[in-house]
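The data block below is coords.cif; it holds mmCIF, C-alpha atoms.
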data_target
#
loop_
_atom_site.label_atom_id
_atom_site.label_comp_id
_atom_site.auth_asym_id
_atom_site.auth_seq_id
_atom_site.Cartn_x
_atom_site.Cartn_y
_atom_site.Cartn_z
CA MET A 1 0.00 0.00 0.00
CA ASN A 2 1.61 3.25 -1.17
CA SER A 3 -0.94 5.75 0.14
CA VAL A 4 -4.14 6.05 2.17
CA THR A 5 -6.68 8.88 1.93
CA VAL A 6 -8.94 9.80 4.85
CA ARG A 7 -11.83 12.26 4.82
CA VAL A 8 -12.52 14.02 8.10
CA PRO A 9 -15.28 16.54 8.99
CA ALA A 10 -15.48 19.94 10.59
CA LYS A 11 -17.57 20.43 13.72
CA VAL A 12 -19.91 22.99 15.18
CA ASN A 13 -20.58 23.19 18.91
CA VAL A 14 -24.33 23.43 19.42
CA GLN A 15 -23.61 23.81 23.13
CA LEU A 16 -20.31 25.02 24.55
CA SER A 17 -20.60 25.63 28.29
CA VAL A 18 -17.34 26.64 29.97
CA GLY A 19 -16.74 25.99 33.66
CA PRO A 20 -14.23 27.63 36.01
CA LEU A 21 -10.52 27.72 35.18
CA ARG A 22 -8.79 24.61 36.55
CA ASP A 23 -5.39 24.39 38.20
CA ASP A 24 -3.97 22.75 35.08
CA GLY A 25 -4.95 25.75 32.93
CA TYR A 26 -7.91 24.01 31.27
CA HIS A 27 -11.64 24.48 31.83
CA ASP A 28 -14.22 21.81 32.52
CA LEU A 29 -16.61 21.83 29.59
CA VAL A 30 -19.93 20.58 28.42
CA ASN A 31 -19.33 20.52 24.71
CA VAL A 32 -22.05 19.17 22.41
CA PHE A 33 -20.23 18.44 19.16
CA HIS A 34 -21.99 18.07 15.81
CA ALA A 35 -19.98 16.93 12.76
CA VAL A 36 -20.87 18.70 9.52
CA SER A 37 -20.24 18.04 5.82
CA ILE A 38 -17.24 20.31 5.32
CA PHE A 39 -14.26 18.00 4.95
CA ASP A 40 -10.49 18.02 4.89
CA GLU A 41 -8.70 15.16 3.19
CA VAL A 42 -5.50 13.73 4.65
CA VAL A 43 -3.36 11.58 2.37
CA ALA A 44 -0.63 9.47 3.98
CA GLN A 45 2.14 8.38 1.60
CA GLU A 46 5.11 6.12 2.19
CA ALA A 47 8.26 8.05 3.16
CA GLU A 48 11.39 7.68 5.25
CA ASP A 49 10.74 10.73 7.44
CA VAL A 50 7.63 12.52 8.74
CA SER A 51 6.71 15.56 6.64
CA VAL A 52 3.58 17.48 5.62
CA GLN A 53 2.29 19.52 2.70
CA VAL A 54 -0.85 21.64 2.98
CA LEU A 55 -3.02 22.57 -0.01
CA GLY A 56 -6.17 24.68 -0.36
CA GLU A 57 -7.49 28.00 0.86
CA SER A 58 -5.39 29.62 3.63
CA ALA A 59 -2.87 26.77 3.38
CA ASP A 60 -0.09 29.30 3.95
CA GLN A 61 -1.44 29.86 7.47
CA VAL A 62 -0.96 26.21 8.48
CA PRO A 63 2.45 25.18 9.90
CA VAL A 64 4.38 22.55 7.96
CA ASP A 65 6.82 21.65 10.74
CA ASP A 66 6.39 19.90 14.09
CA GLY A 67 3.85 22.57 15.03
CA ASN A 68 1.39 20.87 12.68
CA LEU A 69 -1.02 18.73 14.72
CA ALA A 70 -1.19 16.06 12.01
CA VAL A 71 2.60 15.68 12.18
CA GLN A 72 2.34 15.38 15.96
CA ALA A 73 -0.34 12.72 15.49
CA ALA A 74 1.84 10.66 13.15
CA ARG A 75 4.78 10.84 15.56
CA ALA A 76 2.57 9.95 18.55
CA LEU A 77 1.14 6.95 16.71
CA ALA A 78 4.60 5.67 15.77
CA LYS A 79 5.76 6.08 19.38
CA HIS A 80 2.70 4.24 20.68
CA ALA A 81 3.37 1.38 18.27
CA GLY A 82 7.06 1.29 19.21
CA ARG A 83 8.17 1.76 15.63
CA ALA A 84 10.35 4.22 13.75
CA GLN A 85 7.98 5.09 10.91
CA GLY A 86 8.00 7.77 8.26
CA VAL A 87 5.12 9.30 6.30
CA HIS A 88 4.50 12.19 3.95
CA LEU A 89 1.15 13.78 4.75
CA VAL A 90 -0.75 15.82 2.16
CA ILE A 91 -3.59 17.83 3.70
CA ARG A 92 -6.23 19.26 1.38
CA LYS A 93 -7.98 22.01 3.35
CA ALA A 94 -11.65 22.89 3.07
CA ILE A 95 -12.31 23.46 6.78
CA PRO A 96 -11.62 27.12 7.64
CA VAL A 97 -8.21 27.68 9.23
CA ALA A 98 -8.37 29.03 12.82
CA GLY A 99 -12.13 29.29 12.34
CA GLY A 100 -13.49 27.53 15.43
CA MET A 101 -14.43 24.40 13.46
CA ALA A 102 -11.54 22.18 14.64
CA GLY A 103 -9.73 21.92 11.31
CA GLY A 104 -6.36 21.20 12.92
CA SER A 105 -7.90 18.57 15.17
CA ALA A 106 -9.65 17.03 12.16
CA ASP A 107 -6.33 16.76 10.33
CA ALA A 108 -4.75 15.08 13.36
CA ALA A 109 -7.57 12.54 13.48
CA GLY A 110 -7.21 11.95 9.75
CA ALA A 111 -3.48 11.37 10.16
CA LEU A 112 -4.07 8.82 12.94
CA VAL A 113 -6.49 6.79 10.83
CA ALA A 114 -4.43 7.09 7.65
CA CYS A 115 -1.11 6.15 9.26
CA ASN A 116 -2.65 3.28 11.21
CA GLU A 117 -3.78 1.85 7.87
CA LEU A 118 -0.66 2.74 5.85
CA TRP A 119 1.69 1.23 8.42
CA GLY A 120 -0.49 -1.87 8.89
CA LEU A 121 -0.64 -1.36 12.66
CA GLY A 122 -4.22 -2.56 13.06
CA LEU A 123 -4.69 -0.59 16.28
CA PRO A 124 -8.28 -0.61 17.57
CA ALA A 125 -10.40 2.52 17.83
CA GLY A 126 -9.88 2.68 21.59
CA ASP A 127 -6.11 3.03 21.18
CA LEU A 128 -6.54 5.77 18.58
CA MET A 129 -8.95 7.57 20.93
CA LYS A 130 -6.38 7.57 23.73
CA ILE A 131 -3.69 8.99 21.47
CA ALA A 132 -6.17 11.55 20.14
CA GLY A 133 -7.09 12.73 23.64
CA ALA A 134 -3.45 13.44 24.43
CA LEU A 135 -3.12 15.52 21.23
CA GLY A 136 -6.03 17.88 21.88
CA SER A 137 -9.53 18.20 23.28
CA ASP A 138 -11.28 18.13 19.87
CA VAL A 139 -9.28 15.33 18.23
CA PRO A 140 -11.26 12.39 19.70
CA PHE A 141 -14.53 13.79 18.34
CA ALA A 142 -13.02 14.18 14.87
CA LEU A 143 -12.38 10.43 15.00
CA LEU A 144 -15.91 9.66 16.22
CA GLY A 145 -18.05 12.12 14.26
CA GLY A 146 -21.84 12.18 14.47
CA THR A 147 -23.14 14.12 17.47
CA ALA A 148 -21.71 13.69 20.94
CA ILE A 149 -21.46 15.26 24.38
CA GLY A 150 -17.89 16.02 25.36
CA THR A 151 -17.03 16.51 29.03
CA GLY A 152 -13.79 17.03 30.96
CA ARG A 153 -11.70 19.07 28.52
CA GLY A 154 -14.13 17.89 25.84
CA GLU A 155 -12.33 14.62 25.17
CA GLN A 156 -14.67 12.32 27.17
CA LEU A 157 -17.39 11.53 24.65
CA THR A 158 -20.94 10.18 24.85
CA GLU A 159 -22.69 9.64 21.53
CA VAL A 160 -26.08 11.31 20.96
CA ALA A 161 -28.69 10.04 18.50
CA THR A 162 -30.27 12.72 16.30
CA GLY A 163 -33.74 12.48 14.82
CA ALA A 164 -33.09 14.25 11.52
CA ARG A 165 -30.52 15.86 9.27
CA PHE A 166 -29.85 19.48 10.23
CA HIS A 167 -28.89 22.14 7.68
CA TRP A 168 -26.31 24.82 8.39
CA VAL A 169 -24.66 27.89 6.91
CA PHE A 170 -21.18 28.93 8.01
CA ALA A 171 -20.09 32.53 7.50
CA ILE A 172 -16.31 32.60 7.02
CA ALA A 173 -14.43 35.61 8.37
CA ASP A 174 -11.49 37.38 6.77
CA ALA A 175 -8.99 36.15 9.38
CA GLY A 176 -8.82 33.57 12.16
CA LEU A 177 -8.91 33.86 15.94
CA SER A 178 -6.59 32.20 18.45
CA THR A 179 -8.43 29.70 20.66
CA ALA A 180 -6.07 30.46 23.55
CA LYS A 181 -6.75 34.20 23.26
CA VAL A 182 -10.51 33.66 23.20
CA TYR A 183 -10.41 31.52 26.37
CA ALA A 184 -8.18 34.11 28.05
CA GLU A 185 -10.62 36.87 27.11
CA CYS A 186 -13.49 34.76 28.45
CA ASP A 187 -11.70 34.48 31.81
CA ARG A 188 -10.91 38.21 31.79
CA LEU A 189 -14.52 39.19 31.10
CA ARG A 190 -15.84 36.92 33.82
CA GLU A 191 -13.38 38.32 36.36
CA ALA A 192 -14.15 41.90 35.34
CA LEU A 193 -17.90 41.30 35.73
CA GLY A 194 -17.47 39.43 39.00
CA GLU A 195 -19.32 36.41 37.63
CA GLN A 196 -19.68 33.30 39.77
CA VAL A 197 -18.97 30.62 37.19
CA ALA A 198 -21.23 27.61 37.60
CA TRP A 199 -20.32 24.01 36.89
CA PRO A 200 -21.38 23.34 33.28
CA GLN A 201 -24.48 21.24 32.69
CA VAL A 202 -26.00 19.61 29.63
CA ASN A 203 -28.96 21.58 28.25
CA ASP A 204 -31.87 19.12 28.43
CA ALA A 205 -34.04 21.10 26.00
CA LEU A 206 -31.21 21.07 23.46
CA MET A 207 -30.81 17.30 23.86
CA GLU A 208 -34.52 16.80 23.28
CA ALA A 209 -34.41 18.95 20.14
CA LEU A 210 -31.52 16.88 18.78
CA ARG A 211 -33.26 13.59 19.53
CA ASN A 212 -36.51 14.79 17.96
CA GLY A 213 -34.83 16.30 14.91
CA ASP A 214 -36.57 19.61 15.69
CA ALA A 215 -34.52 22.33 13.99
CA ARG A 216 -36.64 25.21 15.29
CA ALA A 217 -36.33 24.02 18.90
CA LEU A 218 -32.60 23.41 18.46
CA GLY A 219 -32.09 26.90 17.05
CA ALA A 220 -33.66 28.41 20.17
CA GLU A 221 -31.27 26.52 22.46
CA LEU A 222 -27.88 27.08 20.78
CA ILE A 223 -25.35 28.37 23.31
CA ASN A 224 -21.66 29.25 23.35
CA ASP A 225 -20.08 30.66 26.51
CA LEU A 226 -17.08 31.78 24.44
CA GLN A 227 -19.21 33.98 22.20
CA PRO A 228 -18.97 37.19 24.30
CA ALA A 229 -15.18 36.88 24.29
CA ALA A 230 -15.05 36.27 20.53
CA LEU A 231 -17.28 39.31 19.97
CA MET A 232 -15.01 41.47 22.13
CA LEU A 233 -11.98 40.42 20.08
CA ARG A 234 -13.77 40.72 16.72
CA ARG A 235 -16.58 43.28 17.07
CA GLN A 236 -17.86 42.91 13.51
CA LEU A 237 -19.07 39.36 14.26
CA ALA A 238 -22.07 40.88 16.04
CA ARG A 239 -23.23 42.29 12.71
CA THR A 240 -22.71 38.92 11.02
CA LEU A 241 -24.89 37.18 13.62
CA GLU A 242 -27.57 39.85 13.37
CA SER A 243 -27.62 39.63 9.58
CA GLY A 244 -28.22 35.89 9.73
CA ARG A 245 -31.12 36.37 12.13
CA GLU A 246 -32.57 39.12 9.93
CA HIS A 247 -32.56 36.68 7.01
CA GLY A 248 -34.48 34.01 8.88
CA ALA A 249 -31.89 31.79 10.55
CA LEU A 250 -33.51 29.55 13.17
CA GLY A 251 -30.46 30.01 15.38
CA ALA A 252 -27.13 31.82 15.23
CA LEU A 253 -23.92 31.57 17.22
CA VAL A 254 -20.17 31.86 16.95
CA SER A 255 -18.74 28.39 16.23
CA GLY A 256 -16.41 27.35 19.04
CA SER A 257 -13.75 29.99 19.59
CA GLY A 258 -14.70 31.69 16.31
CA PRO A 259 -14.58 33.68 14.19
CA THR A 260 -16.76 31.48 11.94
CA CYS A 261 -20.45 32.13 12.60
CA ALA A 262 -22.91 29.24 12.35
CA PHE A 263 -26.57 29.58 11.32
CA LEU A 264 -29.19 26.85 11.55
CA ALA A 265 -31.55 26.74 8.58
CA ALA A 266 -35.00 25.22 8.21
CA ASP A 267 -34.02 23.01 5.26
CA GLU A 268 -31.53 22.71 2.40
CA ALA A 269 -33.20 25.35 0.22
CA HIS A 270 -33.32 27.80 3.14
CA ALA A 271 -29.62 27.19 3.76
CA ARG A 272 -28.78 28.06 0.15
CA ASP A 273 -30.85 31.24 0.31
CA LEU A 274 -29.32 32.24 3.63
CA ALA A 275 -25.78 31.75 2.30
CA VAL A 276 -26.56 34.03 -0.66
CA ALA A 277 -28.07 36.65 1.65
CA LEU A 278 -25.06 36.65 3.99
CA THR A 279 -22.54 37.06 1.19
CA GLY A 280 -24.71 39.73 -0.42
CA ALA A 281 -24.86 41.64 2.87
CA GLY A 282 -21.07 41.87 2.91
CA VAL A 283 -20.79 40.55 6.48
CA CYS A 284 -18.43 37.66 5.70
CA ARG A 285 -15.74 36.65 3.23
CA SER A 286 -17.78 33.66 2.06
CA ALA A 287 -20.60 31.39 3.23
CA LEU A 288 -20.65 27.59 3.11
CA THR A 289 -23.68 25.32 3.36
CA ALA A 290 -23.44 21.96 5.09
CA HIS A 291 -25.52 19.32 6.83
CA GLY A 292 -25.03 17.21 9.91
CA SER A 293 -24.41 14.99 11.45
CA VAL A 294 -21.85 13.04 9.41
CA PRO A 295 -19.34 10.30 10.28
CA GLY A 296 -15.89 11.02 11.67
CA ALA A 297 -12.54 10.23 10.03
CA THR A 298 -13.19 7.72 7.24
CA ILE A 299 -10.89 5.98 4.76
CA ILE A 300 -12.00 6.70 1.19
#

Can I see the file as structure tokens?
Amino acid sequence: MNSVTVRVPAKVNVQLSVGPLRDDGYHDLVNVFHAVSIFDEVVAQEAEDVSVQVLGESADQVPVDDGNLAVQAARALAKHAGRAQGVHLVIRKAIPVAGGMAGGSADAAGALVACNELWGLGLPAGDLMKIAGALGSDVPFALLGGTAIGTGRGEQLTEVATGARFHWVFAIADAGLSTAKVYAECDRLREALGEQVAWPQVNDALMEALRNGDARALGAELINDLQPAALMLRRQLARTLESGREHGALGALVSGSGPTCAFLAADEAHARDLAVALTGAGVCRSALTAHGSVPGATII
């Protein structure tokens, strides 16, 4: 086998509830992940050393050294297997870079699945999940896909059944946002306001909407505790969210740490119309339609 190609999805957080800052610098989260049909492809090719090439929009913003999470994933997998393995990774980007949709984590998950196959390791999903959890909080979900509740740092996953396909529009901003800076701003705002931060809890109404496939009910329950911080760092996102609501979105929120804004649509046709309206309003660089949920990292 000379190469393996894996397709891996972006995510949107339909609930992101952020608890108090922990001693280890992380926050306890309730993170309801939903995988959507915007995909990166990770191709693993035989090579003597570990290297990476990134193609697609904003590829120049993605590191191609050991700072690349997919490279870290390949090295971690080889170490776990006790082998000195090489691979050349080619990442074809469609997930927005630094957009709050876990593109880097998706690429890491894709690299784990692709290298496990290329190298003939045959490691079970549980082993890949453990490696993924050590790489980053969002990497395990990129392996799993579908819809799931993430707790702890987000890496402890419980699958959630959904009653229907949901349709989304994602408004892509001109530049990314640093996840670390958004969390730091969240902590700063809470301290400045004197907020008593509660332990995060799963939103029962949101869970019911997901199970019932009720897009209107889901739109009313979307929540992201990082949104105020993202809006402080990128003020124009408030106008993007308002524009989506004005054009009939059932729900609107910043995706993860932003700056991508996510809008829930009534159906596929509504999603197409909403994407056209958002781009016409000049509140985003581009708008992508997608549906969810979809499977996680998959060999194609």

Exercise. Hey, what comes out of the PyMOL selection byres ((chain A and resi 166) around 8) on this file? Could you write it as number ranges by chain?
Worked result: A: 164-165, 167-168, 213, 215, 264-267, 291-293

Those same residues, written as a PDB file, in the frame of the given file with C-alpha atoms?
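Saved file out-v3.pdb follows:
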ATOM      1  CA  ALA A 164     -33.090  14.250  11.520  1.00  0.00           C
ATOM      2  CA  ARG A 165     -30.520  15.860   9.270  1.00  0.00           C
ATOM      3  CA  HIS A 167     -28.890  22.140   7.680  1.00  0.00           C
ATOM      4  CA  TRP A 168     -26.310  24.820   8.390  1.00  0.00           C
ATOM      5  CA  GLY A 213     -34.830  16.300  14.910  1.00  0.00           C
ATOM      6  CA  ALA A 215     -34.520  22.330  13.990  1.00  0.00           C
ATOM      7  CA  LEU A 264     -29.190  26.850  11.550  1.00  0.00           C
ATOM      8  CA  ALA A 265     -31.550  26.740   8.580  1.00  0.00           C
ATOM      9  CA  ALA A 266     -35.000  25.220   8.210  1.00  0.00           C
ATOM     10  CA  ASP A 267     -34.020  23.010   5.260  1.00  0.00           C
ATOM     11  CA  HIS A 291     -25.520  19.320   6.830  1.00  0.00           C
ATOM     12  CA  GLY A 292     -25.030  17.210   9.910  1.00  0.00           C
ATOM     13  CA  SER A 293     -24.410  14.990  11.450  1.00  0.00           C
TER      14      SER A 293
END

Exercise: Val52 of chain A partners within 10 Å, all atoms listed in the file, chain neighbours under 4 positions left out, as a JSON list (two decimals) with C-alpha atoms, keeping the file's coordinate frame:
[["chain", "number", "residue", "atom", "x", "y", "z"],
["A", 42, "VAL", "CA", -5.50, 13.73, 4.65],
["A", 43, "VAL", "CA", -3.36, 11.58, 2.37],
["A", 44, "ALA", "CA", -0.63, 9.47, 3.98],
["A", 63, "PRO", "CA", 2.45, 25.18, 9.90],
["A", 64, "VAL", "CA", 4.38, 22.55, 7.96],
["A", 65, "ASP", "CA", 6.82, 21.65, 10.74],
["A", 66, "ASP", "CA", 6.39, 19.90, 14.09],
["A", 68, "ASN", "CA", 1.39, 20.87, 12.68],
["A", 70, "ALA", "CA", -1.19, 16.06, 12.01],
["A", 71, "VAL", "CA", 2.60, 15.68, 12.18],
["A", 87, "VAL", "CA", 5.12, 9.30, 6.30],
["A", 88, "HIS", "CA", 4.50, 12.19, 3.95],
["A", 89, "LEU", "CA", 1.15, 13.78, 4.75],
["A", 90, "VAL", "CA", -0.75, 15.82, 2.16],
["A", 91, "ILE", "CA", -3.59, 17.83, 3.70]]

For this session: Return the single residue from A:Val18, A:Ala102, A:Ala35, A:Ala249 that is closest to Gln201 of chain A, with distances computed using only C-alpha atoms.
Result: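 Result for the nearest residue to Gln201 of chain A: A:Val18.
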
Exercise. Which is closer to Val6 of chain A than all the others in A:Ile223, A:Ile300, A:Ala217, A:Cys261, using all atoms listed in the file?
Worked result: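 Of all the options, A:Ile300 lies closest to Val6 of chain A.
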
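Residues in contact with segment 23-33 of chain A at up to 7 Å, not including ones fewer than 4 positions away on its chain and judged by all atoms listed in the file, are Lys11, Val12, Asn13, Val14, Gln15, Leu16, Ser17, Val18, Gly19, Thr147, Ala148, Ile149, Gly150, Thr151, Gly152, Arg153, Gly154, Pro200, Gln201 and Val202 of chain A.
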
For the selection just defined, write its residues with C-alpha atoms to a file, as an mmCIF file, in the frame of the given file.
data_model
loop_
_atom_site.group_PDB
_atom_site.id
_atom_site.type_symbol
_atom_site.label_atom_id
_atom_site.label_comp_id
_atom_site.auth_asym_id
_atom_site.auth_seq_id
_atom_site.Cartn_x
_atom_site.Cartn_y
_atom_site.Cartn_z
ATOM 1 C CA LYS A 11 -17.570 20.430 13.720
ATOM 2 C CA VAL A 12 -19.910 22.990 15.180
ATOM 3 C CA ASN A 13 -20.580 23.190 18.910
ATOM 4 C CA VAL A 14 -24.330 23.430 19.420
ATOM 5 C CA GLN A 15 -23.610 23.810 23.130
ATOM 6 C CA LEU A 16 -20.310 25.020 24.550
ATOM 7 C CA SER A 17 -20.600 25.630 28.290
ATOM 8 C CA VAL A 18 -17.340 26.640 29.970
ATOM 9 C CA GLY A 19 -16.740 25.990 33.660
ATOM 10 C CA THR A 147 -23.140 14.120 17.470
ATOM 11 C CA ALA A 148 -21.710 13.690 20.940
ATOM 12 C CA ILE A 149 -21.460 15.260 24.380
ATOM 13 C CA GLY A 150 -17.890 16.020 25.360
ATOM 14 C CA THR A 151 -17.030 16.510 29.030
ATOM 15 C CA GLY A 152 -13.790 17.030 30.960
ATOM 16 C CA ARG A 153 -11.700 19.070 28.520
ATOM 17 C CA GLY A 154 -14.130 17.890 25.840
ATOM 18 C CA PRO A 200 -21.380 23.340 33.280
ATOM 19 C CA GLN A 201 -24.480 21.240 32.690
ATOM 20 C CA VAL A 202 -26.000 19.610 29.630
#

Seminar exercise, completed: Students should find that atom CA of Arg211 of chain A and atom CA of Asp273 of chain A are spaced 26.2 Å

Problem set entry | Picked residues, the PyMOL selection byres ((chain A and resi 218) around 9), expected as a list in words |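 On the file shown, the PyMOL selection byres ((chain A and resi 218) around 9) covers Val14, Ala205, Leu206, Met207, Glu208, Ala209, Leu210, Gly213, Asp214, Ala215, Arg216, Ala217, Gly219, Ala220, Glu221, Leu222, Leu250, Gly251 and Leu264 of chain A.
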
Can you put all heavy atoms back into segment 215-224 of chain A and show it as a PDB file, in the coordinates of the input?
ATOM      1  N   ALA A 215     -35.474  21.258  14.279  1.00  0.00           N
ATOM      2  CA  ALA A 215     -34.520  22.330  13.990  1.00  0.00           C
ATOM      3  C   ALA A 215     -34.928  23.632  14.665  1.00  0.00           C
ATOM      4  O   ALA A 215     -34.071  24.370  15.173  1.00  0.00           O
ATOM      5  CB  ALA A 215     -34.400  22.526  12.482  1.00  0.00           C
ATOM      6  N   ARG A 216     -36.199  23.935  14.694  1.00  0.00           N
ATOM      7  CA  ARG A 216     -36.640  25.210  15.290  1.00  0.00           C
ATOM      8  C   ARG A 216     -36.346  25.216  16.790  1.00  0.00           C
ATOM      9  O   ARG A 216     -35.855  26.212  17.336  1.00  0.00           O
ATOM     10  CB  ARG A 216     -38.131  25.425  15.024  1.00  0.00           C
ATOM     11  CG  ARG A 216     -38.607  26.821  15.399  1.00  0.00           C
ATOM     12  CD  ARG A 216     -39.991  27.098  14.808  1.00  0.00           C
ATOM     13  NE  ARG A 216     -39.957  27.096  13.351  1.00  0.00           N
ATOM     14  CZ  ARG A 216     -39.579  28.134  12.612  1.00  0.00           C
ATOM     15  NH1 ARG A 216     -39.190  29.261  13.188  1.00  0.00           N
ATOM     16  NH2 ARG A 216     -39.590  28.048  11.289  1.00  0.00           N
ATOM     17  N   ALA A 217     -36.621  24.101  17.462  1.00  0.00           N
ATOM     18  CA  ALA A 217     -36.330  24.020  18.900  1.00  0.00           C
ATOM     19  C   ALA A 217     -34.832  24.052  19.153  1.00  0.00           C
ATOM     20  O   ALA A 217     -34.360  24.688  20.105  1.00  0.00           O
ATOM     21  CB  ALA A 217     -36.955  22.755  19.488  1.00  0.00           C
ATOM     22  N   LEU A 218     -34.056  23.396  18.301  1.00  0.00           N
ATOM     23  CA  LEU A 218     -32.600  23.410  18.460  1.00  0.00           C
ATOM     24  C   LEU A 218     -32.066  24.822  18.285  1.00  0.00           C
ATOM     25  O   LEU A 218     -31.201  25.274  19.063  1.00  0.00           O
ATOM     26  CB  LEU A 218     -31.958  22.474  17.431  1.00  0.00           C
ATOM     27  CG  LEU A 218     -30.424  22.428  17.433  1.00  0.00           C
ATOM     28  CD1 LEU A 218     -29.884  21.939  18.769  1.00  0.00           C
ATOM     29  CD2 LEU A 218     -29.912  21.530  16.299  1.00  0.00           C
ATOM     30  N   GLY A 219     -32.551  25.537  17.287  1.00  0.00           N
ATOM     31  CA  GLY A 219     -32.090  26.900  17.050  1.00  0.00           C
ATOM     32  C   GLY A 219     -32.293  27.807  18.248  1.00  0.00           C
ATOM     33  O   GLY A 219     -31.481  28.700  18.512  1.00  0.00           O
ATOM     34  N   ALA A 220     -33.366  27.573  18.996  1.00  0.00           N
ATOM     35  CA  ALA A 220     -33.660  28.410  20.170  1.00  0.00           C
ATOM     36  C   ALA A 220     -32.751  28.101  21.344  1.00  0.00           C
ATOM     37  O   ALA A 220     -32.658  28.909  22.278  1.00  0.00           O
ATOM     38  CB  ALA A 220     -35.119  28.214  20.582  1.00  0.00           C
ATOM     39  N   GLU A 221     -32.065  26.953  21.307  1.00  0.00           N
ATOM     40  CA  GLU A 221     -31.270  26.520  22.460  1.00  0.00           C
ATOM     41  C   GLU A 221     -29.760  26.601  22.223  1.00  0.00           C
ATOM     42  O   GLU A 221     -28.984  26.279  23.117  1.00  0.00           O
ATOM     43  CB  GLU A 221     -31.637  25.077  22.838  1.00  0.00           C
ATOM     44  CG  GLU A 221     -33.078  24.890  23.271  1.00  0.00           C
ATOM     45  CD  GLU A 221     -33.427  25.651  24.545  1.00  0.00           C
ATOM     46  OE1 GLU A 221     -32.502  25.920  25.348  1.00  0.00           O
ATOM     47  OE2 GLU A 221     -34.610  25.983  24.729  1.00  0.00           O
ATOM     48  N   LEU A 222     -29.316  27.010  21.053  1.00  0.00           N
ATOM     49  CA  LEU A 222     -27.880  27.080  20.780  1.00  0.00           C
ATOM     50  C   LEU A 222     -27.190  28.002  21.785  1.00  0.00           C
ATOM     51  O   LEU A 222     -27.677  29.097  22.076  1.00  0.00           O
ATOM     52  CB  LEU A 222     -27.636  27.608  19.362  1.00  0.00           C
ATOM     53  CG  LEU A 222     -28.190  26.782  18.202  1.00  0.00           C
ATOM     54  CD1 LEU A 222     -27.950  27.510  16.878  1.00  0.00           C
ATOM     55  CD2 LEU A 222     -27.569  25.391  18.163  1.00  0.00           C
ATOM     56  N   ILE A 223     -26.045  27.555  22.302  1.00  0.00           N
ATOM     57  CA  ILE A 223     -25.350  28.370  23.310  1.00  0.00           C
ATOM     58  C   ILE A 223     -23.850  28.183  23.191  1.00  0.00           C
ATOM     59  O   ILE A 223     -23.361  27.080  22.922  1.00  0.00           O
ATOM     60  CB  ILE A 223     -25.822  27.991  24.738  1.00  0.00           C
ATOM     61  CG1 ILE A 223     -25.193  28.935  25.770  1.00  0.00           C
ATOM     62  CG2 ILE A 223     -25.521  26.530  25.066  1.00  0.00           C
ATOM     63  CD1 ILE A 223     -25.804  28.824  27.148  1.00  0.00           C
ATOM     64  N   ASN A 224     -23.126  29.273  23.386  1.00  0.00           N
ATOM     65  CA  ASN A 224     -21.660  29.250  23.350  1.00  0.00           C
ATOM     66  C   ASN A 224     -21.142  30.267  24.366  1.00  0.00           C
ATOM     67  O   ASN A 224     -21.227  31.481  24.149  1.00  0.00           O
ATOM     68  CB  ASN A 224     -21.152  29.591  21.942  1.00  0.00           C
ATOM     69  CG  ASN A 224     -19.639  29.591  21.870  1.00  0.00           C
ATOM     70  OD1 ASN A 224     -18.951  29.288  22.842  1.00  0.00           O
ATOM     71  ND2 ASN A 224     -19.106  29.941  20.715  1.00  0.00           N
TER      72      ASN A 224
END
